Every structure is written in structure tokens, then in C-alpha cells.
Amino acid sequence: MKKTAVLTMATLLLLTVACKKINKEKTEELAPDKEQVTSNVEVIKIALEPKSDSNVSGTVTFTQENGSVTMVAEMEGLTEGAHAIHIHEKADCSSPDGKSTGGHWNPTAQPHGKWGSPEGYHKGDIGNFTASADGKGSITFTTDEWCIGCGDETKDIIGKGVIVHAGTDDFTTQPTGDAGGRVSCAGIIK
Ligand SMILES: [Cu+2]
């Protein structure tokens, strides 16, 4: 009688282990497919925080797909009119004036300018967008000259900072575009 009980227990145990193994194999079979789908698209969503006593907040979403990165920035609390938006050197938004992000992100040591200009432009020279009378503004920008986490220092936006300015980028004043104070800031961190 006791022997039967032990045998039954042993059989049950074996069955349990076998089932677990099958489940594990199923999961492992599914995993590569899932990875393939997610590795094609990288998304970072970050929050813009007010700086220089402004009320400018918002969100910036970077999406990397098929070798290009698309940035969608949506802001509110702005003064009506044109504002510059750039990527600056550092993700550090700790200072009240946003200057802790450093100067424009310029890993290729080019002069400041309009994006795509033959005379040169910084990798952070996104440009201007216009805020409406209700203080809202948005900009969508796509380029294959950025990447998210590829490790190429001339392309990788990770560890940099997004700055929204009080004024307009004139695309000529060096090296800032004379865009005025920094009214909103977000670190590009995963
Ligand atoms: Cu700037």
C-alpha cells in the first residue's frame, strides 16, 4: 500500500515537471517573434517642465522606426507667436533657467543654422514653431540624422535635453540663434 502511494506521488511529480517543461518551451518559442516586433520601434516619451518662471509645459515623444526618428512636441502655456526648440547638450534640467542643459547639441562641430543648410547646422537645430493665442503649440520633426540609443555620438539623442525658448531662432546669430531665455526643459532619458 505504501509503495503504491509513493509511486503515485512520484508519477504526479514527474507529470508536473514535464508540464512545466512544455510550458517553458512554448514561451521560448513565442519570445523571438515578440522581440522582433519590439526591436524595430523605439519610443521615448518625456515631460517638458517650466523654466525661467514660465508656465510652459508639455510632452515630447521620440519614435525611431525604419532608420528615422520622429519627434512630436506638444506644448501649452506659451506666449503667442514663434518659439525656437532645440536639442541641447545635456539631459540636466536642474537649474531654474534651464542653462544646466548646456549649449546646443553640436557633435559634428558645425555652425548654428537652419536644419539642412549647406553652410552647416547643429544636430540640435530643430527650428521654430508657432504658438496660437490660447498658448498652445506643436511641432513634428523627422530625421535620419538622429537615433535612439545606437551609441553613435553624432546621432544618439539619449542623454541630451530638449529646450523651448522664449523667442525665435534667427538661424544666423552664433551659436544660439538669439532665441532668448529657456522657458521649458526635458531630459531625453529612457
Ligand atoms: Cu536652444
# chains A, B, ... in the order shown; residues from 1 in each chain; ligands from 1

$ residues_near_ligand --ligand "ligand 1" --cutoff "9 Å" --atoms "only C-alpha atoms and all ligand atoms" --output "list in words"
Ala84, Ile85, His86, Ile87, His88, Gly103, His104, Trp105, Gly124, Asp125, Val162, Ile163, Val164, His165, Asp169, Thr176, Gly177, Asp178, Ala179, Gly180, Gly181 and Arg182 of chain A

$ residues_around --residues "region 65-76 of chain A" --least-positions-apart "6" --cutoff "8 Å" --atoms "only C-alpha atoms" --output "PDB file with C-alpha atoms, in the first residue's frame"
ATOM      1  CA  ASN A  40      12.082  47.670 -34.765  1.00  0.00           C
ATOM      2  CA  VAL A  41      10.420  50.551 -32.920  1.00  0.00           C
ATOM      3  CA  GLU A  42      11.910  52.580 -30.058  1.00  0.00           C
ATOM      4  CA  LEU A  48       8.636  69.335 -20.514  1.00  0.00           C
ATOM      5  CA  ASN A  55       4.163  78.208 -17.319  1.00  0.00           C
ATOM      6  CA  VAL A  56       5.302  76.263 -20.365  1.00  0.00           C
ATOM      7  CA  SER A  57       4.778  72.537 -20.022  1.00  0.00           C
ATOM      8  CA  GLY A  58       4.179  69.729 -22.470  1.00  0.00           C
ATOM      9  CA  THR A  59       5.294  66.371 -23.765  1.00  0.00           C
ATOM     10  CA  GLY A 135      -0.837  79.377 -25.709  1.00  0.00           C
ATOM     11  CA  LYS A 136      -0.704  76.007 -27.399  1.00  0.00           C
ATOM     12  CA  GLY A 137       1.833  74.949 -29.993  1.00  0.00           C
ATOM     13  CA  SER A 138       3.167  71.763 -31.532  1.00  0.00           C
ATOM     14  CA  ILE A 139       5.851  70.619 -33.928  1.00  0.00           C
ATOM     15  CA  THR A 140       6.576  67.330 -35.684  1.00  0.00           C
ATOM     16  CA  PHE A 141      10.094  66.743 -36.976  1.00  0.00           C
ATOM     17  CA  THR A 142      11.549  63.646 -38.670  1.00  0.00           C
ATOM     18  CA  THR A 143      15.189  62.944 -39.477  1.00  0.00           C
ATOM     19  CA  ASP A 144      17.526  60.046 -40.190  1.00  0.00           C
ATOM     20  CA  GLU A 145      20.377  62.057 -38.593  1.00  0.00           C
ATOM     21  CA  TRP A 146      19.259  61.044 -35.091  1.00  0.00           C
ATOM     22  CA  CYS A 147      18.942  57.695 -33.377  1.00  0.00           C
ATOM     23  CA  ILE A 148      17.696  56.431 -30.045  1.00  0.00           C
TER      24      ILE A 148
END

$ atom_distance --atom1 "CA of His112 (chain A)" --atom2 "CA of Ala47 (chain A)"
25.9 Å

$ select_by_dssp --residues "region 3-188 of chain A" --states "alpha helix (DSSP H)" --output "PyMOL selection string"
chain A and resi 3-40

$ write_last_selection --atoms "N, CA and C atoms" --output "compact mmCIF listing (two decimals), in the first residue's frame"
# COMPACT_ATOMS: atom_id res chain seq x y z
N LYS A 3 3.93 1.51 -0.88
CA LYS A 3 4.70 1.56 -2.13
C LYS A 3 3.87 2.20 -3.24
N THR A 4 2.59 1.85 -3.29
CA THR A 4 1.69 2.40 -4.31
C THR A 4 1.59 3.93 -4.15
N ALA A 5 1.45 4.33 -2.90
CA ALA A 5 1.33 5.77 -2.62
C ALA A 5 2.58 6.51 -3.08
N VAL A 6 3.73 5.96 -2.79
CA VAL A 6 5.00 6.60 -3.19
C VAL A 6 5.09 6.66 -4.71
N LEU A 7 4.70 5.57 -5.35
CA LEU A 7 4.74 5.52 -6.80
C LEU A 7 3.82 6.57 -7.42
N THR A 8 2.61 6.67 -6.85
CA THR A 8 1.64 7.66 -7.34
C THR A 8 2.22 9.07 -7.20
N MET A 9 2.81 9.34 -6.05
CA MET A 9 3.41 10.65 -5.80
C MET A 9 4.51 10.95 -6.82
N ALA A 10 5.34 9.92 -7.04
CA ALA A 10 6.46 10.09 -7.97
C ALA A 10 5.94 10.35 -9.38
N THR A 11 4.87 9.66 -9.77
CA THR A 11 4.30 9.84 -11.10
C THR A 11 3.74 11.26 -11.25
N LEU A 12 3.05 11.71 -10.21
CA LEU A 12 2.47 13.06 -10.24
C LEU A 12 3.57 14.11 -10.38
N LEU A 13 4.64 13.90 -9.62
CA LEU A 13 5.76 14.84 -9.64
C LEU A 13 6.37 14.91 -11.04
N LEU A 14 6.56 13.73 -11.62
CA LEU A 14 7.13 13.66 -12.96
C LEU A 14 6.25 14.40 -13.97
N LEU A 15 4.93 14.17 -13.84
CA LEU A 15 3.98 14.83 -14.74
C LEU A 15 4.06 16.34 -14.62
N THR A 16 4.15 16.81 -13.36
CA THR A 16 4.22 18.25 -13.11
C THR A 16 5.46 18.85 -13.77
N VAL A 17 6.58 18.19 -13.57
CA VAL A 17 7.84 18.67 -14.16
C VAL A 17 7.73 18.69 -15.68
N ALA A 18 7.15 17.62 -16.23
CA ALA A 18 7.02 17.52 -17.68
C ALA A 18 6.15 18.66 -18.22
N CYS A 19 5.05 18.94 -17.54
CA CYS A 19 4.15 20.02 -17.96
C CYS A 19 4.86 21.36 -17.94
N LYS A 20 5.61 21.59 -16.86
CA LYS A 20 6.34 22.86 -16.73
C LYS A 20 7.31 23.04 -17.88
N LYS A 21 7.96 21.92 -18.24
CA LYS A 21 8.95 21.98 -19.31
C LYS A 21 8.27 22.35 -20.63
N ILE A 22 7.13 21.75 -20.87
CA ILE A 22 6.39 22.04 -22.11
C ILE A 22 6.00 23.52 -22.16
N ASN A 23 5.50 24.02 -21.02
CA ASN A 23 5.11 25.44 -20.96
C ASN A 23 6.29 26.35 -21.27
N LYS A 24 7.44 25.98 -20.68
CA LYS A 24 8.63 26.81 -20.87
C LYS A 24 9.03 26.84 -22.35
N GLU A 25 8.96 25.65 -22.96
CA GLU A 25 9.32 25.58 -24.38
C GLU A 25 8.39 26.43 -25.24
N LYS A 26 7.13 26.42 -24.87
CA LYS A 26 6.15 27.23 -25.62
C LYS A 26 6.50 28.71 -25.52
N THR A 27 6.84 29.17 -24.29
CA THR A 27 7.18 30.58 -24.08
C THR A 27 8.42 30.95 -24.89
N GLU A 28 9.41 30.04 -24.85
CA GLU A 28 10.64 30.33 -25.58
C GLU A 28 10.40 30.39 -27.08
N GLU A 29 9.47 29.57 -27.55
CA GLU A 29 9.15 29.59 -28.97
C GLU A 29 8.53 30.93 -29.37
N LEU A 30 7.70 31.48 -28.46
CA LEU A 30 7.00 32.73 -28.77
C LEU A 30 7.91 33.94 -28.66
N ALA A 31 8.89 33.87 -27.77
CA ALA A 31 9.71 35.04 -27.45
C ALA A 31 10.39 35.70 -28.65
N PRO A 32 11.06 34.95 -29.54
CA PRO A 32 11.77 35.62 -30.63
C PRO A 32 10.87 36.49 -31.51
N ASP A 33 9.65 36.02 -31.77
CA ASP A 33 8.71 36.81 -32.59
C ASP A 33 8.41 38.15 -31.94
N LYS A 34 8.13 38.08 -30.63
CA LYS A 34 7.79 39.29 -29.89
C LYS A 34 8.95 40.28 -29.94
N GLU A 35 10.16 39.76 -29.75
CA GLU A 35 11.34 40.61 -29.74
C GLU A 35 11.52 41.31 -31.08
N GLN A 36 11.28 40.56 -32.16
CA GLN A 36 11.44 41.12 -33.49
C GLN A 36 10.54 42.33 -33.69
N VAL A 37 9.32 42.24 -33.22
CA VAL A 37 8.37 43.33 -33.38
C VAL A 37 8.82 44.56 -32.58
N THR A 38 9.21 44.33 -31.30
CA THR A 38 9.53 45.48 -30.44
C THR A 38 10.88 46.09 -30.79
N SER A 39 11.84 45.32 -31.32
CA SER A 39 13.16 45.88 -31.56
C SER A 39 13.16 46.82 -32.77
N ASN A 40 12.16 46.77 -33.61
CA ASN A 40 12.08 47.67 -34.76
C ASN A 40 11.69 49.09 -34.38

$ closest_residue --among "A:Asn128, A:Ser95, A:Ser184, A:Thr154" --to "Asp170 (chain A)" --atoms "only C-alpha atoms"
A:Asn128

$ closest_residue --among "A:Ile46, A:Thr173, A:Lys90, A:Glu153" --to "Pro111 (chain A)" --atoms "only C-alpha atoms"
A:Thr173
